[in-house]
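input08.cif follows (mmCIF, C-alpha atoms):
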data_input
#
loop_
_atom_site.label_atom_id
_atom_site.label_comp_id
_atom_site.auth_asym_id
_atom_site.auth_seq_id
_atom_site.Cartn_x
_atom_site.Cartn_y
_atom_site.Cartn_z
CA MET A 13 -11.80 -66.41 4.63
CA LYS A 14 -13.22 -67.02 8.07
CA ILE A 15 -16.56 -65.26 8.53
CA ALA A 16 -18.59 -64.90 11.73
CA LEU A 17 -22.40 -64.67 11.50
CA ILE A 18 -24.36 -63.33 14.47
CA ALA A 19 -27.96 -62.17 14.71
CA HIS A 20 -30.14 -60.92 17.53
CA ASP A 21 -33.44 -62.76 17.95
CA ARG A 22 -35.56 -60.47 15.79
CA LYS A 23 -32.90 -60.52 13.04
CA LYS A 24 -32.40 -64.29 12.76
CA ASP A 25 -34.90 -64.70 9.91
CA LEU A 26 -33.16 -61.91 8.03
CA MET A 27 -29.78 -63.59 8.57
CA VAL A 28 -31.11 -66.85 7.17
CA LYS A 29 -32.43 -64.99 4.11
CA LEU A 30 -29.08 -63.23 3.67
CA VAL A 31 -27.07 -66.44 3.86
CA THR A 32 -29.49 -68.22 1.55
CA ALA A 33 -29.26 -65.41 -1.02
CA TYR A 34 -25.45 -65.30 -0.83
CA GLN A 35 -24.87 -69.03 -0.38
CA PRO A 36 -22.81 -69.31 -3.60
CA ILE A 37 -20.36 -66.82 -2.11
CA LEU A 38 -20.43 -68.04 1.49
CA GLU A 39 -20.00 -71.72 0.65
CA LYS A 40 -16.42 -70.95 -0.43
CA HIS A 41 -15.53 -69.72 3.05
CA GLU A 42 -15.33 -71.04 6.61
CA LEU A 43 -18.37 -69.98 8.63
CA PHE A 44 -18.67 -69.42 12.38
CA ALA A 45 -21.78 -68.38 14.29
CA THR A 46 -23.32 -68.06 17.70
CA GLY A 47 -25.44 -71.05 18.73
CA THR A 48 -29.02 -70.53 17.60
CA THR A 49 -28.07 -68.44 14.57
CA GLY A 50 -25.62 -71.08 13.40
CA GLY A 51 -28.19 -73.83 13.82
CA ARG A 52 -30.79 -71.93 11.82
CA ILE A 53 -28.31 -71.17 9.03
CA SER A 54 -27.09 -74.74 8.81
CA GLU A 55 -30.62 -76.14 8.84
CA ALA A 56 -31.84 -73.75 6.11
CA THR A 57 -28.83 -73.99 3.80
CA GLY A 58 -26.96 -77.20 4.61
CA LEU A 59 -23.75 -75.17 4.94
CA PRO A 60 -21.25 -76.29 7.56
CA VAL A 61 -21.15 -73.76 10.39
CA HIS A 62 -18.91 -73.92 13.45
CA ARG A 63 -21.27 -73.05 16.27
CA PHE A 64 -20.28 -71.30 19.47
CA LYS A 65 -22.47 -70.77 22.52
CA SER A 66 -25.43 -68.43 22.18
CA GLY A 67 -24.57 -64.73 22.52
CA PRO A 68 -25.88 -64.24 26.07
CA LEU A 69 -24.03 -67.38 27.22
CA GLY A 70 -20.64 -66.25 25.93
CA GLY A 71 -20.80 -66.79 22.16
CA ASP A 72 -20.07 -63.13 21.42
CA GLN A 73 -17.00 -63.36 23.67
CA GLN A 74 -15.85 -66.54 21.92
CA ILE A 75 -16.01 -64.75 18.58
CA GLY A 76 -14.25 -61.76 20.16
CA ALA A 77 -11.45 -64.09 21.24
CA MET A 78 -11.04 -65.26 17.64
CA ILE A 79 -10.83 -61.64 16.51
CA SER A 80 -8.15 -60.88 19.09
CA GLU A 81 -6.14 -63.87 17.80
CA ASP A 82 -6.49 -62.62 14.19
CA ALA A 83 -8.40 -65.81 13.41
CA LEU A 84 -11.41 -64.12 11.75
CA ASP A 85 -11.57 -62.09 8.56
CA MET A 86 -15.10 -60.68 8.61
CA VAL A 87 -18.08 -60.32 10.97
CA ILE A 88 -21.70 -59.95 9.98
CA PHE A 89 -23.67 -59.07 13.10
CA LEU A 90 -27.29 -58.23 12.40
CA ARG A 91 -28.14 -56.26 15.52
CA ASP A 92 -31.56 -55.24 16.75
CA PRO A 93 -31.06 -51.60 17.74
CA LEU A 94 -34.59 -51.35 19.16
CA ALA A 95 -34.34 -54.15 21.72
CA ALA A 96 -32.39 -54.05 24.98
CA GLN A 97 -29.83 -56.84 25.13
CA PRO A 98 -28.84 -58.32 28.51
CA HIS A 99 -25.34 -58.95 27.15
CA GLU A 100 -24.86 -55.48 25.62
CA PRO A 101 -21.36 -55.09 27.14
CA ASP A 102 -20.31 -58.22 25.21
CA VAL A 103 -21.79 -56.78 22.02
CA THR A 104 -19.96 -53.49 22.54
CA ALA A 105 -16.70 -55.33 23.21
CA LEU A 106 -17.09 -57.37 20.01
CA ILE A 107 -17.60 -54.22 17.96
CA ARG A 108 -14.63 -52.54 19.64
CA LEU A 109 -12.39 -55.56 18.95
CA SER A 110 -13.41 -55.50 15.29
CA ASP A 111 -12.23 -51.89 15.13
CA VAL A 112 -9.01 -52.54 17.06
CA TYR A 113 -8.03 -55.47 14.82
CA GLU A 114 -9.37 -53.88 11.60
CA ILE A 115 -11.88 -56.65 10.92
CA PRO A 116 -14.68 -55.61 8.53
CA LEU A 117 -17.96 -55.58 10.44
CA ALA A 118 -21.51 -55.21 9.17
CA THR A 119 -24.23 -54.50 11.71
CA ASN A 120 -27.10 -54.19 9.24
CA ILE A 121 -28.30 -55.90 6.06
CA GLY A 122 -27.19 -53.10 3.73
CA THR A 123 -23.60 -53.17 4.89
CA ALA A 124 -23.62 -56.99 4.98
CA GLU A 125 -24.61 -57.14 1.32
CA ILE A 126 -21.85 -54.70 0.35
CA LEU A 127 -19.26 -56.74 2.26
CA LEU A 128 -20.39 -60.00 0.67
CA ARG A 129 -20.45 -58.54 -2.84
CA GLY A 130 -17.03 -57.03 -2.22
CA LEU A 131 -15.77 -60.37 -0.99
CA ALA A 132 -16.96 -62.02 -4.20
CA ALA A 133 -15.28 -59.31 -6.28
CA GLY A 134 -11.95 -59.73 -4.48
CA PHE A 135 -12.08 -56.46 -2.56
CA ALA A 136 -11.02 -58.07 0.72
CA ASP A 137 -7.34 -57.88 -0.20
CA PHE A 138 -6.84 -55.23 2.48
CA ARG A 139 -6.41 -58.19 4.85
CA GLU A 140 -2.95 -58.39 3.27
CA ILE A 141 -1.89 -55.36 5.34
CA ILE A 142 1.69 -55.57 6.47
CA HIS A 143 2.44 -54.00 9.85
CA GLU A 144 5.83 -52.32 9.96
CA GLY A 145 6.25 -50.73 13.38
CA ASP A 146 3.73 -47.91 13.70
CA ARG A 147 3.37 -47.60 9.93
CA GLN A 148 0.98 -49.72 7.90
CA VAL A 149 1.72 -50.57 4.29
CA ILE A 150 -1.10 -51.86 2.14
CA ALA A 151 -0.02 -54.44 -0.43
CA PHE A 152 -1.83 -53.96 -3.76
#

Structure translated into structure tokens:
Amino acid sequence: MKIALIAHDRKKDLMVKLVTAYQPILEKHELFATGTTGGRISEATGLPVHRFKSGPLGGDQQIGAMISEDALDMVIFLRDPLAAQPHEPDVTALIRLSDVYEIPLATNIGTAEILLRGLAAGFADFREIIHEGDRQVIAF
């Protein structure tokens, strides 16, 4: 699967801890991240990470473009809800695109852990959804 990893400044250390803890799961997948977050993850874990620009410089929009092309399977975006973000419209758009294209999105550590454990257990099969007109059929 293709997984995007994004973290606001005060959540970057937490993201590194998350990826380090779940490295055995994440190393089996293709990782994408915004600039600084991707660099920190790669440096701490040695995992290959495709890095986009930093969030405020368009990285969130680059990841959003991948979502709109159905080129991502999961997003882990550790947001800082207590800090104003100058690129908040980009953040909101990324979250909206995840909903529009039915991409699982975690915005906090608790949900991120559940997604990663579910990924390891094979619970991401819902990505096998077949679109038939206005009706969606889930293949089990």

Quick one, how far is CA of Leu69 in chain A from CA of Lys23 in chain A?
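Pair CA of Leu69 in chain A / CA of Lys23 in chain A returns 18.1 Å.
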
Using only C-alpha atoms, find the one residue out of A:Asn120, A:Thr57, A:Ser66, A:Thr48 that sits nearest to Lys29 in chain A.
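Using only C-alpha atoms, the shortest distance to Lys29 in chain A belongs to A:Thr57.
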
Could you tell me which residues the PyMOL selection byres ((chain A and resi 116) around 12) grabs in this file, written as a ChimeraX atom specification?
/A:13-16,79,84-89,106-115,117-119,123-124,126-128,130-131,135-139

Nearest candidate to Gln73 in chain A (options A:Leu38, A:Ala96, A:Val103, A:Ala56; using all atoms listed in the file):
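Ranking A:Leu38, A:Ala96, A:Val103, A:Ala56 by distance to Gln73 in chain A, first place goes to A:Val103.
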
What is the CA of Leu30 in chain A-CA of Glu125 in chain A distance in Å, reported with one decimal?
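Here the two named atoms are 7.9 Å from each other.
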
Just the residues within 8 Å of His62 in chain A, please, counting all atoms listed in the file, with nothing from its chain fewer than 6 positions along; format it as an MDAnalysis selection string.
chainID A and resid 43:45 50

Is it possible to get the axis-aligned box enclosing range 98-113 of chain A (all listed atoms, 5 Å extra per side) as JSON, with centre and edge lengths in Å rounded to one decimal?
{"center_x": -18.4, "center_y": -55.4, "center_z": 21.7, "size_x": 30.8, "size_y": 17.1, "size_z": 23.7}

Closest to Ala19 in chain A among A:Gly76, A:Gly122, A:Gly70, A:Gly47, using all atoms listed in the file?
A:Gly47

Closest to Asp21 in chain A among A:Ala95, A:Ile75, A:Ala33, A:Ala133, using all atoms listed in the file?
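Smallest separation from Asp21 in chain A among the options: A:Ala95.
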
Closest to Thr49 in chain A among A:Ile18, A:Ala132, A:Ile121, A:Leu26, using all atoms listed in the file?
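Closest to Thr49 in chain A of all the choices is A:Ile18.
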
Atomic distance CA of Pro93 in chain A - CA of Ile37 in chain A, expressed in Å with one decimal:
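One can read the CA of Pro93 in chain A to CA of Ile37 in chain A distance as 27.2 Å.
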
Find the residue from A:Glu39, A:Arg22, A:Asp102, A:Thr32 that sits nearest to Asp72 in chain A; use all atoms listed in the file when measuring.
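Under the stated criterion, the closest residue is A:Asp102.
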
Could you write range 23-52 of chain A of the block just shown to a file containing N, CA, C and O atoms, as a tab-separated table (two decimals), in the first residue's frame?
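Once everything was written out, this is part.tsv:
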chain	number	residue	atom	x	y	z
A	23	LYS	N	4.20	17.80	16.40
A	23	LYS	CA	3.84	16.39	16.35
A	23	LYS	C	4.90	15.54	15.63
A	23	LYS	O	4.76	14.33	15.52
A	24	LYS	N	5.97	16.19	15.16
A	24	LYS	CA	6.99	15.45	14.40
A	24	LYS	C	7.69	14.39	15.25
A	24	LYS	O	7.93	13.28	14.79
A	25	ASP	N	8.03	14.71	16.50
A	25	ASP	CA	8.66	13.72	17.36
A	25	ASP	C	7.74	12.51	17.57
A	25	ASP	O	8.20	11.36	17.55
A	26	LEU	N	6.46	12.78	17.74
A	26	LEU	CA	5.49	11.70	17.92
A	26	LEU	C	5.40	10.84	16.66
A	26	LEU	O	5.30	9.61	16.75
A	27	MET	N	5.46	11.47	15.49
A	27	MET	CA	5.42	10.71	14.23
A	27	MET	C	6.64	9.80	14.12
A	27	MET	O	6.52	8.64	13.73
A	28	VAL	N	7.80	10.32	14.48
A	28	VAL	CA	9.01	9.50	14.42
A	28	VAL	C	8.87	8.31	15.37
A	28	VAL	O	9.23	7.17	15.02
A	29	LYS	N	8.34	8.53	16.56
A	29	LYS	CA	8.13	7.43	17.51
A	29	LYS	C	7.14	6.41	16.96
A	29	LYS	O	7.34	5.20	17.09
A	30	LEU	N	6.07	6.89	16.34
A	30	LEU	CA	5.07	6.00	15.75
A	30	LEU	C	5.69	5.13	14.66
A	30	LEU	O	5.52	3.90	14.65
A	31	VAL	N	6.41	5.75	13.74
A	31	VAL	CA	7.00	5.01	12.63
A	31	VAL	C	8.07	4.04	13.14
A	31	VAL	O	8.16	2.90	12.67
A	32	THR	N	8.82	4.45	14.14
A	32	THR	CA	9.83	3.55	14.72
A	32	THR	C	9.15	2.34	15.36
A	32	THR	O	9.58	1.20	15.16
A	33	ALA	N	8.08	2.57	16.10
A	33	ALA	CA	7.37	1.48	16.77
A	33	ALA	C	6.72	0.52	15.76
A	33	ALA	O	6.68	-0.69	15.99
A	34	TYR	N	6.23	1.06	14.66
A	34	TYR	CA	5.53	0.24	13.67
A	34	TYR	C	6.37	0.01	12.41
A	34	TYR	O	5.83	-0.34	11.37
A	35	GLN	N	7.66	0.15	12.53
A	35	GLN	CA	8.56	-0.05	11.39
A	35	GLN	C	8.39	-1.42	10.74
A	35	GLN	O	8.39	-1.51	9.51
A	36	PRO	N	8.24	-2.51	11.51
A	36	PRO	CA	8.06	-3.82	10.86
A	36	PRO	C	6.84	-3.88	9.95
A	36	PRO	O	6.82	-4.63	8.98
A	37	ILE	N	5.83	-3.10	10.24
A	37	ILE	CA	4.64	-3.04	9.38
A	37	ILE	C	4.89	-2.09	8.21
A	37	ILE	O	4.65	-2.43	7.05
A	38	LEU	N	5.39	-0.90	8.52
A	38	LEU	CA	5.55	0.13	7.49
A	38	LEU	C	6.62	-0.20	6.45
A	38	LEU	O	6.51	0.23	5.30
A	39	GLU	N	7.62	-0.98	6.82
A	39	GLU	CA	8.68	-1.28	5.86
A	39	GLU	C	8.19	-2.13	4.68
A	39	GLU	O	8.86	-2.22	3.67
A	40	LYS	N	7.01	-2.70	4.80
A	40	LYS	CA	6.43	-3.51	3.73
A	40	LYS	C	5.62	-2.67	2.74
A	40	LYS	O	5.05	-3.20	1.80
A	41	HIS	N	5.57	-1.35	2.98
A	41	HIS	CA	4.73	-0.48	2.18
A	41	HIS	C	5.54	0.68	1.62
A	41	HIS	O	6.65	0.95	2.07
A	42	GLU	N	4.95	1.38	0.67
A	42	GLU	CA	5.60	2.54	0.05
A	42	GLU	C	5.19	3.78	0.83
A	42	GLU	O	4.00	4.06	0.98
A	43	LEU	N	6.19	4.53	1.32
A	43	LEU	CA	5.92	5.67	2.18
A	43	LEU	C	6.15	6.99	1.46
A	43	LEU	O	7.12	7.14	0.71
A	44	PHE	N	5.27	7.94	1.74
A	44	PHE	CA	5.34	9.29	1.20
A	44	PHE	C	5.20	10.24	2.38
A	44	PHE	O	4.53	9.92	3.36
A	45	ALA	N	5.81	11.40	2.31
A	45	ALA	CA	5.71	12.35	3.42
A	45	ALA	C	6.00	13.76	2.94
A	45	ALA	O	6.63	13.96	1.90
A	46	THR	N	5.53	14.72	3.73
A	46	THR	CA	5.93	16.10	3.47
A	46	THR	C	7.40	16.24	3.89
A	46	THR	O	7.93	15.42	4.63
A	47	GLY	N	8.04	17.29	3.41
A	47	GLY	CA	9.49	17.45	3.47
A	47	GLY	C	10.20	17.16	4.77
A	47	GLY	O	10.96	16.19	4.88
A	48	THR	N	9.99	17.97	5.78
A	48	THR	CA	10.71	17.82	7.04
A	48	THR	C	10.33	16.52	7.73
A	48	THR	O	11.20	15.80	8.25
A	49	THR	N	9.06	16.19	7.74
A	49	THR	CA	8.60	14.96	8.38
A	49	THR	C	9.26	13.75	7.72
A	49	THR	O	9.78	12.86	8.40
A	50	GLY	N	9.28	13.72	6.41
A	50	GLY	CA	9.91	12.62	5.69
A	50	GLY	C	11.38	12.49	5.99
A	50	GLY	O	11.91	11.39	6.15
A	51	GLY	N	12.07	13.63	6.07
A	51	GLY	CA	13.50	13.61	6.40
A	51	GLY	C	13.75	13.06	7.79
A	51	GLY	O	14.67	12.26	7.99
A	52	ARG	N	12.95	13.46	8.74
A	52	ARG	CA	13.10	12.99	10.12
A	52	ARG	C	12.83	11.49	10.22
A	52	ARG	O	13.53	10.77	10.91
